[in-house]
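Okay, coords_12.csv is below, CSV, C-alpha atoms and all ligand atoms:
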chain,number,residue,atom,x,y,z
A,1,MET,CA,-39.2,103.3,77.8
A,2,ALA,CA,-36.5,105.0,75.7
A,3,GLU,CA,-33.3,106.0,77.7
A,4,PRO,CA,-33.1,109.7,78.3
A,5,LYS,CA,-30.7,111.5,76.0
A,6,LYS,CA,-27.2,112.2,77.3
A,7,ILE,CA,-26.7,116.0,77.2
A,8,ILE,CA,-23.3,117.3,76.4
A,9,ALA,CA,-22.4,121.0,76.6
A,10,VAL,CA,-20.4,122.1,73.5
A,11,LEU,CA,-18.3,125.2,74.1
A,12,ALA,CA,-16.3,125.7,70.9
A,13,GLY,CA,-14.8,129.1,71.9
A,14,ASP,CA,-12.3,131.0,69.8
A,15,GLY,CA,-9.6,130.7,67.2
A,16,ILE,CA,-9.3,127.1,65.9
A,17,GLY,CA,-11.9,126.0,68.6
A,18,PRO,CA,-14.9,126.1,66.2
A,19,GLU,CA,-13.0,124.4,63.4
A,20,VAL,CA,-11.7,121.4,65.4
A,21,MET,CA,-15.0,121.1,67.2
A,22,LYS,CA,-16.8,120.7,63.9
A,23,ALA,CA,-14.6,117.8,63.0
A,24,ALA,CA,-15.1,116.3,66.5
A,25,ARG,CA,-18.8,116.5,66.1
A,26,GLU,CA,-18.7,114.6,62.8
A,27,VAL,CA,-16.8,111.9,64.6
A,28,ALA,CA,-19.4,112.0,67.4
A,29,ASP,CA,-22.2,111.7,64.9
A,30,ALA,CA,-20.6,108.6,63.4
A,31,ALA,CA,-20.1,107.1,66.8
A,32,GLU,CA,-23.8,107.8,67.7
A,33,LYS,CA,-25.0,105.9,64.7
A,34,VAL,CA,-22.6,102.9,65.1
A,35,PHE,CA,-23.3,102.5,68.8
A,36,GLY,CA,-26.9,103.6,68.8
A,37,LEU,CA,-26.3,106.4,71.3
A,38,GLN,CA,-28.9,108.9,72.4
A,39,MET,CA,-27.1,112.2,72.7
A,40,GLU,CA,-28.0,115.8,72.7
A,41,TRP,CA,-25.3,118.4,72.0
A,42,ARG,CA,-26.1,121.8,73.5
A,43,GLU,CA,-23.9,124.6,72.1
A,44,ALA,CA,-23.1,127.7,74.1
A,45,LEU,CA,-20.9,130.7,73.9
A,46,VAL,CA,-17.6,131.0,75.8
A,47,GLY,CA,-14.4,133.0,75.8
A,48,GLY,CA,-13.9,135.9,73.4
A,49,ALA,CA,-16.9,134.9,71.3
A,50,ALA,CA,-19.0,135.3,74.4
A,51,ILE,CA,-17.4,138.6,75.4
A,52,ASP,CA,-18.3,140.0,71.9
A,53,ALA,CA,-21.9,138.7,71.9
A,54,ARG,CA,-22.8,138.9,75.6
A,55,GLY,CA,-20.2,141.0,77.3
A,56,SER,CA,-18.9,138.2,79.5
A,57,ALA,CA,-16.5,135.3,78.8
A,58,LEU,CA,-18.7,132.9,80.7
A,59,PRO,CA,-22.4,134.1,80.5
A,60,GLU,CA,-24.9,132.7,83.0
A,61,GLU,CA,-26.7,130.9,80.2
A,62,THR,CA,-23.5,129.0,79.3
A,63,ILE,CA,-23.1,127.9,83.0
A,64,GLU,CA,-26.7,126.7,82.9
A,65,VAL,CA,-26.1,124.6,79.8
A,66,CYS,CA,-23.0,123.1,81.5
A,67,ARG,CA,-25.1,122.4,84.6
A,68,SER,CA,-27.7,120.5,82.5
A,69,ALA,CA,-25.0,118.3,80.9
A,70,LYS,CA,-23.1,115.1,81.8
A,71,ALA,CA,-19.9,116.7,80.5
A,72,VAL,CA,-18.5,119.7,78.7
A,73,LEU,CA,-16.7,119.4,75.4
A,74,PHE,CA,-14.6,122.5,75.3
A,75,GLY,CA,-12.6,124.0,72.3
A,76,SER,CA,-10.2,126.8,73.3
A,77,VAL,CA,-10.5,130.4,74.2
A,78,GLY,CA,-8.5,133.6,73.8
A,79,GLY,CA,-6.7,135.4,71.1
A,80,PRO,CA,-5.1,138.8,70.2
A,81,LYS,CA,-8.4,140.5,70.0
A,82,TRP,CA,-9.0,140.2,73.7
A,83,GLU,CA,-5.4,140.5,75.0
A,84,SER,CA,-5.8,144.2,75.9
A,85,LEU,CA,-8.6,143.5,78.4
A,86,PRO,CA,-7.7,143.7,82.1
A,87,PRO,CA,-6.2,140.3,83.2
A,88,GLN,CA,-9.3,139.2,85.2
A,89,GLU,CA,-11.5,139.7,82.1
A,90,GLN,CA,-9.3,137.8,79.7
A,91,PRO,CA,-11.0,134.8,78.2
A,92,GLU,CA,-8.9,132.0,79.7
A,93,ARG,CA,-9.0,133.5,83.2
A,94,ALA,CA,-12.6,134.6,83.1
A,95,ALA,CA,-14.0,131.4,81.5
A,96,LEU,CA,-11.8,128.4,82.3
A,97,LEU,CA,-10.9,129.2,85.9
A,98,PRO,CA,-14.5,129.9,87.0
A,99,LEU,CA,-15.7,126.7,85.2
A,100,ARG,CA,-13.1,124.7,87.2
A,101,LYS,CA,-14.3,126.3,90.4
A,102,ILE,CA,-18.0,126.0,89.8
A,103,PHE,CA,-17.7,122.3,88.9
A,104,GLY,CA,-15.0,121.5,91.5
A,105,LEU,CA,-12.7,120.1,88.8
A,106,TYR,CA,-9.7,119.1,90.9
A,107,ALA,CA,-7.9,116.5,88.7
A,108,ASN,CA,-6.4,117.3,85.4
A,109,LEU,CA,-5.5,114.4,83.1
A,110,ARG,CA,-3.0,115.1,80.3
A,111,PRO,CA,-2.1,112.1,78.2
A,112,ALA,CA,1.0,112.5,76.2
A,113,VAL,CA,1.2,109.9,73.5
A,114,LEU,CA,3.7,109.7,70.7
A,115,TYR,CA,2.6,107.3,68.0
A,116,PRO,CA,5.5,105.1,66.7
A,117,GLU,CA,4.8,106.5,63.2
A,118,LEU,CA,5.3,110.1,64.4
A,119,VAL,CA,8.6,109.7,66.3
A,120,GLY,CA,10.0,112.3,63.8
A,121,CYS,CA,7.7,114.9,65.3
A,122,SER,CA,9.3,114.7,68.7
A,123,PRO,CA,12.1,117.2,69.4
A,124,LEU,CA,14.0,114.3,71.0
A,125,ARG,CA,16.5,112.2,69.1
A,126,VAL,CA,14.7,109.3,67.4
A,127,GLU,CA,16.7,106.7,69.4
A,128,ARG,CA,15.2,108.1,72.7
A,129,VAL,CA,11.6,107.7,71.5
A,130,VAL,CA,11.9,104.7,69.2
A,131,GLY,CA,8.5,102.8,69.4
A,132,GLY,CA,6.8,106.0,70.7
A,133,PHE,CA,5.5,106.4,74.3
A,134,ASP,CA,2.2,106.7,76.1
A,135,LEU,CA,2.2,108.4,79.5
A,136,LEU,CA,-0.5,110.2,81.5
A,137,VAL,CA,0.2,113.2,83.7
A,138,VAL,CA,-2.4,113.5,86.5
A,139,ARG,CA,-2.2,117.0,88.0
A,140,GLU,CA,-3.9,118.4,91.1
A,141,LEU,CA,-5.7,121.4,89.8
A,142,THR,CA,-7.3,123.4,92.6
A,143,GLY,CA,-4.8,123.5,95.5
A,144,GLY,CA,-1.1,124.2,96.2
A,145,LEU,CA,0.9,127.3,95.4
A,146,TYR,CA,-1.6,128.8,93.0
A,147,PHE,CA,-4.4,129.2,95.5
A,148,GLY,CA,-2.8,129.0,99.0
A,149,LYS,CA,-3.1,132.0,101.3
A,150,PRO,CA,-1.3,134.2,102.2
A,151,LYS,CA,-0.7,135.3,98.6
A,152,GLU,CA,0.3,139.0,98.6
A,153,THR,CA,2.9,141.6,97.9
A,154,THR,CA,3.7,144.1,100.6
A,155,LYS,CA,6.0,147.1,100.9
A,156,THR,CA,9.1,146.7,103.1
A,157,PRO,CA,11.7,149.3,104.1
A,158,LYS,CA,14.0,147.8,101.5
A,159,GLY,CA,11.5,147.3,98.7
A,160,GLU,CA,8.7,144.8,98.4
A,161,ARG,CA,8.0,141.3,99.7
A,162,ALA,CA,6.0,138.8,97.8
A,163,VAL,CA,4.6,135.5,99.2
A,164,ASP,CA,2.8,132.5,97.7
A,165,THR,CA,1.8,129.6,99.9
A,166,MET,CA,2.0,126.0,99.0
A,167,VAL,CA,-0.6,124.2,101.2
A,168,TYR,CA,-2.3,120.9,100.9
A,169,GLU,CA,-4.7,118.9,103.1
A,170,THR,CA,-5.0,115.2,103.2
A,171,TYR,CA,-8.4,115.1,101.3
A,172,GLU,CA,-7.1,117.1,98.4
A,173,ILE,CA,-4.2,114.6,97.9
A,174,GLU,CA,-6.4,111.5,98.5
A,175,ARG,CA,-9.0,112.3,95.9
A,176,VAL,CA,-6.5,113.1,93.1
A,177,ALA,CA,-4.4,110.1,94.0
A,178,GLU,CA,-7.5,107.9,93.6
A,179,VAL,CA,-8.0,109.3,90.1
A,180,ALA,CA,-4.4,108.4,89.3
A,181,PHE,CA,-4.6,104.8,90.6
A,182,ARG,CA,-7.9,104.2,88.9
A,183,ALA,CA,-6.4,105.5,85.6
A,184,ALA,CA,-3.4,103.3,86.0
A,185,ALA,CA,-5.6,100.2,86.4
A,186,PHE,CA,-6.5,100.5,82.7
A,187,ARG,CA,-2.9,101.2,81.7
A,188,LYS,CA,0.5,99.7,82.6
A,189,LYS,CA,-0.4,99.7,86.3
A,190,ARG,CA,2.3,102.0,87.6
A,191,VAL,CA,1.9,105.4,89.4
A,192,THR,CA,5.0,107.6,89.9
A,193,LEU,CA,4.6,110.5,92.3
A,194,ALA,CA,6.8,113.5,91.3
A,195,ASP,CA,7.5,115.7,94.4
A,196,LYS,CA,10.3,117.5,96.3
A,197,ALA,CA,10.1,115.4,99.4
A,198,ASN,CA,13.8,116.3,100.0
A,199,VAL,CA,12.8,120.0,100.7
A,200,LEU,CA,9.0,120.5,101.0
A,201,GLU,CA,6.7,119.6,103.9
A,202,THR,CA,3.8,119.4,101.5
A,203,SER,CA,5.7,116.7,99.5
A,204,LEU,CA,6.2,114.7,102.7
A,205,LEU,CA,2.4,114.8,103.2
A,206,TRP,CA,1.8,113.8,99.6
A,207,ARG,CA,4.1,110.8,99.9
A,208,LYS,CA,2.4,109.7,103.2
A,209,VAL,CA,-1.2,110.0,101.8
A,210,VAL,CA,-0.3,108.5,98.4
A,211,LYS,CA,1.2,105.5,100.1
A,212,GLN,CA,-2.0,105.1,102.0
A,213,VAL,CA,-4.1,105.3,98.9
A,214,ALA,CA,-1.8,102.8,97.2
A,215,LEU,CA,-2.8,100.2,99.9
A,216,LYS,CA,-6.3,100.1,98.3
A,217,HIS,CA,-4.8,99.4,94.9
A,218,PRO,CA,-2.4,96.4,95.5
A,219,GLN,CA,-2.3,95.6,91.8
A,220,ILE,CA,-0.8,99.1,91.0
A,221,ALA,CA,3.0,99.7,91.5
A,222,LEU,CA,3.9,103.0,93.2
A,223,ASP,CA,7.3,104.7,93.0
A,224,PHE,CA,8.6,108.2,93.7
A,225,ILE,CA,10.8,110.6,91.8
A,226,TYR,CA,11.9,114.1,92.6
A,227,ALA,CA,10.2,116.6,90.3
A,228,ASP,CA,13.5,118.0,88.9
A,229,ASN,CA,14.6,114.4,88.1
A,230,ALA,CA,11.2,113.8,86.5
A,231,ALA,CA,11.9,116.8,84.2
A,232,MET,CA,15.2,115.2,83.2
A,233,GLN,CA,13.8,111.7,82.7
A,234,LEU,CA,11.0,113.0,80.5
A,235,VAL,CA,13.6,114.1,77.9
A,236,ARG,CA,15.9,111.1,78.4
A,237,GLU,CA,13.4,108.2,78.4
A,238,PRO,CA,9.8,109.3,78.4
A,239,SER,CA,8.6,105.7,77.9
A,240,ARG,CA,9.7,104.8,81.5
A,241,PHE,CA,6.6,106.6,82.8
A,242,ASP,CA,3.0,105.3,82.9
A,243,VAL,CA,1.0,107.6,85.2
A,244,LEU,CA,2.9,110.6,86.6
A,245,LEU,CA,1.0,112.1,89.6
A,246,CYS,CA,1.9,115.7,90.6
A,247,GLU,CA,0.7,118.5,92.7
A,248,ASN,CA,-0.4,121.6,90.9
A,249,LEU,CA,2.8,123.5,90.1
A,250,PHE,CA,4.9,120.5,89.2
A,251,GLY,CA,2.0,119.1,87.2
A,252,ASP,CA,1.7,122.4,85.3
A,253,MET,CA,5.3,122.2,84.2
A,254,LEU,CA,5.8,118.5,83.7
A,255,SER,CA,2.6,118.1,81.7
A,256,ASP,CA,3.7,120.9,79.3
A,257,GLU,CA,7.1,119.2,79.0
A,258,ALA,CA,5.5,115.8,78.3
A,259,ALA,CA,3.3,117.5,75.7
A,260,ALA,CA,6.4,119.1,74.1
A,261,VAL,CA,8.3,115.8,73.8
A,262,ALA,CA,5.2,114.2,72.3
A,263,GLY,CA,5.6,116.4,69.3
A,264,SER,CA,2.4,118.4,68.4
A,265,LEU,CA,-0.1,120.1,70.7
A,266,GLY,CA,-2.6,119.2,68.0
A,267,MET,CA,-2.6,115.6,69.0
A,268,LEU,CA,-3.1,115.9,72.8
A,269,PRO,CA,-6.4,115.8,74.7
A,270,SER,CA,-7.0,116.6,78.3
A,271,ALA,CA,-9.7,116.0,80.9
A,272,SER,CA,-10.6,117.9,84.1
A,273,LEU,CA,-12.5,115.9,86.6
A,274,GLY,CA,-14.3,116.5,89.9
A,275,GLU,CA,-16.5,114.4,92.1
A,276,GLY,CA,-18.8,112.0,90.3
A,277,SER,CA,-18.6,111.5,86.6
A,278,PHE,CA,-18.9,115.1,85.4
A,279,GLY,CA,-15.8,116.4,83.5
A,280,LEU,CA,-14.5,119.0,81.1
A,281,TYR,CA,-12.7,117.8,78.1
A,282,GLU,CA,-10.5,120.0,75.9
A,283,PRO,CA,-7.4,119.9,73.7
A,284,ALA,CA,-4.1,120.5,75.6
A,285,GLY,CA,-3.3,123.5,73.2
A,286,GLY,CA,-4.9,126.9,73.0
A,287,SER,CA,-6.7,128.8,70.3
A,288,ALA,CA,-3.7,128.8,68.0
A,289,PRO,CA,-4.4,132.3,66.5
A,290,ASP,CA,-1.5,131.9,64.1
A,291,ILE,CA,-3.4,129.2,62.1
A,292,ALA,CA,-7.0,130.0,63.0
A,293,GLY,CA,-9.4,130.3,60.1
A,294,LYS,CA,-7.0,128.6,57.7
A,295,GLY,CA,-8.6,125.1,58.0
A,296,VAL,CA,-5.2,123.6,58.7
A,297,ALA,CA,-5.5,122.9,62.5
A,298,ASN,CA,-5.1,119.3,63.6
A,299,PRO,CA,-8.5,118.1,65.0
A,300,ILE,CA,-7.1,115.0,66.6
A,301,ALA,CA,-6.6,116.7,70.1
A,302,GLN,CA,-10.3,117.6,70.1
A,303,ILE,CA,-11.4,114.2,68.7
A,304,LEU,CA,-9.3,112.4,71.4
A,305,SER,CA,-10.9,114.7,74.0
A,306,LEU,CA,-14.2,113.4,72.8
A,307,ALA,CA,-12.9,109.8,73.3
A,308,LEU,CA,-11.8,110.6,76.9
A,309,MET,CA,-15.3,112.0,77.5
A,310,PHE,CA,-17.0,108.8,76.4
A,311,GLU,CA,-14.6,106.8,78.6
A,312,MET,CA,-14.6,108.9,81.8
A,313,SER,CA,-17.9,110.8,82.0
A,314,LEU,CA,-20.2,108.6,79.9
A,315,GLY,CA,-18.9,105.2,81.0
A,316,GLN,CA,-18.6,104.0,77.4
A,317,PRO,CA,-15.0,102.8,76.9
A,318,GLU,CA,-16.0,100.9,73.8
A,319,VAL,CA,-16.9,104.1,72.0
A,320,ALA,CA,-13.6,105.6,73.2
A,321,ARG,CA,-11.7,102.6,71.9
A,322,ALA,CA,-13.4,102.9,68.5
A,323,ILE,CA,-12.5,106.6,68.2
A,324,ARG,CA,-8.9,106.0,69.3
A,325,SER,CA,-8.5,103.1,67.0
A,326,ALA,CA,-9.9,105.2,64.1
A,327,VAL,CA,-7.3,107.9,64.9
A,328,ALA,CA,-4.4,105.4,65.2
A,329,GLY,CA,-5.5,103.8,61.9
A,330,ALA,CA,-5.5,107.1,60.1
A,331,ILE,CA,-2.0,107.9,61.4
A,332,THR,CA,-0.7,104.4,60.4
A,333,ASP,CA,-2.2,104.9,56.9
A,334,GLY,CA,-0.3,108.1,56.5
A,335,TRP,CA,-3.0,110.8,57.1
A,336,ARG,CA,-1.3,113.9,58.3
A,337,THR,CA,-2.2,117.5,59.1
A,338,GLY,CA,0.6,120.1,58.6
A,339,ASP,CA,1.8,120.0,62.2
A,340,ILE,CA,2.6,116.3,62.1
A,341,ALA,CA,3.7,116.0,58.4
A,342,ALA,CA,7.4,115.3,57.8
A,343,LYS,CA,9.2,117.4,55.3
A,344,GLY,CA,7.8,116.8,51.8
A,345,GLU,CA,5.0,114.6,53.2
A,346,LYS,CA,1.5,115.4,51.8
A,347,SER,CA,-0.9,116.9,54.4
A,348,VAL,CA,-4.7,117.4,54.6
A,349,GLY,CA,-6.8,120.0,56.2
A,350,THR,CA,-8.9,120.0,59.4
A,351,GLY,CA,-12.1,118.9,57.7
A,352,GLU,CA,-10.5,116.1,55.7
A,353,MET,CA,-8.8,114.6,58.7
A,354,GLY,CA,-12.1,114.8,60.7
A,355,LYS,CA,-14.0,113.2,57.9
A,356,GLU,CA,-11.5,110.4,57.5
A,357,ILE,CA,-11.6,109.6,61.2
A,358,ALA,CA,-15.4,109.7,61.2
A,359,ARG,CA,-15.4,107.4,58.2
A,360,ARG,CA,-13.2,104.9,60.1
A,361,VAL,CA,-15.4,105.0,63.2
A,362,ALA,CA,-18.5,104.4,60.9
A,363,SER,CA,-16.8,101.5,59.2
A,364,GLN,CA,-15.8,99.8,62.5
A,365,GLY,CA,-19.5,99.5,63.1
A,366,LYS,CA,-19.9,97.6,59.9
A,367,LYS,CA,-17.3,95.1,61.0
A,368,VAL,CA,-19.0,94.4,64.4
B,401,LIG,P1,-1.4,127.6,71.5
B,401,LIG,O1,-1.5,126.3,72.1
B,401,LIG,O2,-2.7,128.2,71.0
B,401,LIG,O3,-0.4,127.5,70.2
B,401,LIG,C1,0.9,127.1,70.4
B,401,LIG,C2,1.4,126.5,69.0
B,401,LIG,O4,0.8,125.2,68.8
B,401,LIG,C3,1.0,127.4,67.8
B,401,LIG,O5,2.0,127.4,66.9
B,401,LIG,C4,-0.2,126.7,67.3
B,401,LIG,O6,-0.4,126.9,65.9
B,401,LIG,C5,0.1,125.2,67.6
B,401,LIG,N1,-1.1,124.4,67.7
B,401,LIG,C6,-1.9,124.4,68.8
B,401,LIG,N2,-3.0,123.6,68.6
B,401,LIG,C7,-2.8,123.1,67.3
B,401,LIG,C8,-3.6,122.2,66.5
B,401,LIG,N3,-4.7,121.7,66.9
B,401,LIG,N4,-3.1,122.0,65.3
B,401,LIG,C9,-1.9,122.5,64.8
B,401,LIG,N5,-1.2,123.3,65.6
B,401,LIG,C10,-1.6,123.6,66.8
B,401,LIG,O7,-0.7,128.6,72.5
B,401,LIG,P2,-0.5,130.1,72.5
B,401,LIG,O8,-0.1,130.6,71.1
B,401,LIG,O9,0.4,130.3,73.7
B,401,LIG,O10,-1.9,130.8,72.9
B,401,LIG,C11,-2.8,131.3,72.0
B,401,LIG,C12,-4.1,131.7,72.7
B,401,LIG,O11,-4.7,130.6,73.3
B,401,LIG,C13,-3.8,132.7,73.8
B,401,LIG,O12,-4.9,133.7,73.8
B,401,LIG,C14,-4.0,131.9,75.1
B,401,LIG,O13,-4.4,132.6,76.1
B,401,LIG,C15,-5.0,130.8,74.6
B,401,LIG,N6,-4.9,129.6,75.3
B,401,LIG,C16,-6.1,129.0,75.6
B,401,LIG,C17,-6.1,127.7,76.3
B,401,LIG,C18,-7.5,127.1,76.5
B,401,LIG,O14,-8.5,127.5,76.0
B,401,LIG,N7,-7.5,126.1,77.4
B,401,LIG,C19,-5.0,127.1,76.6
B,401,LIG,C20,-3.7,127.7,76.2
B,401,LIG,C21,-3.7,128.9,75.6
Show the structure stored in the file as structure tokens.
Amino acid sequence: MAEPKKIIAVLAGDGIGPEVMKAAREVADAAEKVFGLQMEWREALVGGAAIDARGSALPEETIEVCRSAKAVLFGSVGGPKWESLPPQEQPERAALLPLRKIFGLYANLRPAVLYPELVGCSPLRVERVVGGFDLLVVRELTGGLYFGKPKETTKTPKGERAVDTMVYETYEIERVAEVAFRAAAFRKKRVTLADKANVLETSLLWRKVVKQVALKHPQIALDFIYADNAAMQLVREPSRFDVLLCENLFGDMLSDEAAAVAGSLGMLPSASLGEGSFGLYEPAGGSAPDIAGKGVANPIAQILSLALMFEMSLGQPEVARAIRSAVAGAITDGWRTGDIAAKGEKSVGTGEMGKEIARRVASQGKKV
């Protein structure tokens, strides 16, 4: 009997989302042919596009498509057109946050990779990033200061008083630490926990629980760094990190810093994972309204999000490897979109870059 098709929800969204998604789909088509995959791609509206068509950033039918799928390939949402809406109706808040909640996506994986050929794209001095780097930030996504209660502003005789609460329970730390250790097993086998154990109770609990999780992974080295020092080391010597594990707030900041030193947002994918193999995969950047509709966006972040999806939700690391190797080959051979082109270097558009990477995936099949 034929294997059932693997259903993927495709939520292209707004701005450059549909442009880079089209390129990623071409790469996916090539991979499907080469590897003989049985896939079904179900498109659904999200973000501003969904507000315009259905009056909600995350319509019920979109949630249903996601529920039917093994994974969600997400583009990006938001843009100036919807910025005047009340905050709770804005596309990012009304689409992405509920999706994370509905599917219990508690671990955010943000690889930050600088290819040796692109060291000139990094804002860091070349000697600090010579040879490039490849690190992975694993951020806890559903706990800590952003969600802890009490969270309120009250009037006082002298003015106002605002409080946010950083709170973590053992299980929340355990499950995201597991993700970090499992990821490290396929990398350079080192997890670094960034915390503030010198001042925060929650950080002491993080250290205790992460040490316990480490006992189950004796092949992975574990070390600790204060989050402020991690911020410094990311700009001094990013290559010293392999997997950088963080609670929500530190991860929010350090993952953006890691992305910045890697050069272009157009190159960086991300994954949000929950229990089981379900995940949501999206570029680290947003809808880039400044370049939307011009056909110049870099599709590589979306294409590498596709690779992550094959690896983490579909259990097909060989497909992920083929896609990553096609991307690396295109970079080595000088293919550049505007965001990663050096001064005077020729650049191609979104469609051409996507087609070149798809061609390389297809030709890898011929070599097998
Ligand atoms: P942004 O990430 O969209 O853009 C920042 C800069 O990076 C821009 O100059 C943009 O041109 C560039 N950039 C991003 N992706 C690129 C790519 N693939 N190729 C080339 N250049 C690229 O951030 P922003 O300008 O702060 O936000 C724009 C909109 O996106 C806002 O409405 C924001 O709410 C939304 N946003 C959505 C998400 C998401 O969907 N997950 C994430 C962040 C921001």
Within 6 Å of ligand LIG 401 (chain B), counting all atoms listed in the file, which protein or nucleic acid residues do you find, written as a short mmCIF file (atom, residue, chain, number, x, y, z; two decimals) with C-alpha atoms, in the coordinates of the input?
data_model
loop_
_atom_site.label_atom_id
_atom_site.label_comp_id
_atom_site.auth_asym_id
_atom_site.auth_seq_id
_atom_site.Cartn_x
_atom_site.Cartn_y
_atom_site.Cartn_z
CA SER A 76 -10.20 126.80 73.30
CA VAL A 77 -10.50 130.40 74.20
CA GLY A 78 -8.50 133.60 73.80
CA GLY A 79 -6.70 135.40 71.10
CA GLU A 92 -8.90 132.00 79.70
CA LEU A 265 -0.10 120.10 70.70
CA GLY A 266 -2.60 119.20 68.00
CA GLY A 285 -3.30 123.50 73.20
CA GLY A 286 -4.90 126.90 73.00
CA SER A 287 -6.70 128.80 70.30
CA ALA A 288 -3.70 128.80 68.00
CA PRO A 289 -4.40 132.30 66.50
CA ASP A 290 -1.50 131.90 64.10
CA ILE A 291 -3.40 129.20 62.10
CA ALA A 297 -5.50 122.90 62.50
CA ASN A 298 -5.10 119.30 63.60
CA PRO A 299 -8.50 118.10 65.00
CA ASP A 339 1.80 120.00 62.20
#
Counting all atoms listed in the file, the option among A:Ala44, A:Ala194, A:Ala69, A:Pro18 closest to Lys5 in chain A: A:Ala69
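In terms of minimum interatomic distance to Phe35 in chain A, A:Val319 ranks closest within A:Val319, A:Ala342, A:Met21, A:Leu308, counting all atoms listed in the file.
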Env of range 351-358 of chain A: 9 Å cut, atoms = all atoms listed in the file, seq-sep filter 2 positions within chain, self excluded. Answer as a PyMOL selection string. chain A and resi 19-20+22-31+295-296+298-300+303+323+326-327+329-330+335-337+348-349+360-363
Grab the residues selected above and save them as a PDB file, in the frame of the given file with C-alpha atoms.
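So the final result, stored in again.pdb, reads:
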ATOM      1  CA  GLU A  19     -13.000 124.400  63.400  1.00  0.00           C
ATOM      2  CA  VAL A  20     -11.700 121.400  65.400  1.00  0.00           C
ATOM      3  CA  LYS A  22     -16.800 120.700  63.900  1.00  0.00           C
ATOM      4  CA  ALA A  23     -14.600 117.800  63.000  1.00  0.00           C
ATOM      5  CA  ALA A  24     -15.100 116.300  66.500  1.00  0.00           C
ATOM      6  CA  ARG A  25     -18.800 116.500  66.100  1.00  0.00           C
ATOM      7  CA  GLU A  26     -18.700 114.600  62.800  1.00  0.00           C
ATOM      8  CA  VAL A  27     -16.800 111.900  64.600  1.00  0.00           C
ATOM      9  CA  ALA A  28     -19.400 112.000  67.400  1.00  0.00           C
ATOM     10  CA  ASP A  29     -22.200 111.700  64.900  1.00  0.00           C
ATOM     11  CA  ALA A  30     -20.600 108.600  63.400  1.00  0.00           C
ATOM     12  CA  ALA A  31     -20.100 107.100  66.800  1.00  0.00           C
ATOM     13  CA  GLY A 295      -8.600 125.100  58.000  1.00  0.00           C
ATOM     14  CA  VAL A 296      -5.200 123.600  58.700  1.00  0.00           C
ATOM     15  CA  ASN A 298      -5.100 119.300  63.600  1.00  0.00           C
ATOM     16  CA  PRO A 299      -8.500 118.100  65.000  1.00  0.00           C
ATOM     17  CA  ILE A 300      -7.100 115.000  66.600  1.00  0.00           C
ATOM     18  CA  ILE A 303     -11.400 114.200  68.700  1.00  0.00           C
ATOM     19  CA  ILE A 323     -12.500 106.600  68.200  1.00  0.00           C
ATOM     20  CA  ALA A 326      -9.900 105.200  64.100  1.00  0.00           C
ATOM     21  CA  VAL A 327      -7.300 107.900  64.900  1.00  0.00           C
ATOM     22  CA  GLY A 329      -5.500 103.800  61.900  1.00  0.00           C
ATOM     23  CA  ALA A 330      -5.500 107.100  60.100  1.00  0.00           C
ATOM     24  CA  TRP A 335      -3.000 110.800  57.100  1.00  0.00           C
ATOM     25  CA  ARG A 336      -1.300 113.900  58.300  1.00  0.00           C
ATOM     26  CA  THR A 337      -2.200 117.500  59.100  1.00  0.00           C
ATOM     27  CA  VAL A 348      -4.700 117.400  54.600  1.00  0.00           C
ATOM     28  CA  GLY A 349      -6.800 120.000  56.200  1.00  0.00           C
ATOM     29  CA  ARG A 360     -13.200 104.900  60.100  1.00  0.00           C
ATOM     30  CA  VAL A 361     -15.400 105.000  63.200  1.00  0.00           C
ATOM     31  CA  ALA A 362     -18.500 104.400  60.900  1.00  0.00           C
ATOM     32  CA  SER A 363     -16.800 101.500  59.200  1.00  0.00           C
TER      33      SER A 363
END
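CA of Arg175 in chain A is found 26.5 Å from CA of Val65 in chain A.
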Within 7 Å of range 106-115 of chain A, counting only C-alpha atoms, which residues qualify if same-chain residues fewer than 3 places away don't, as a ChimeraX atom specification? /A:118-119,132-142,176,255,258-259,262,268-274
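Going from CA of Gly279 in chain A to CA of Leu73 in chain A covers 8.7 Å.
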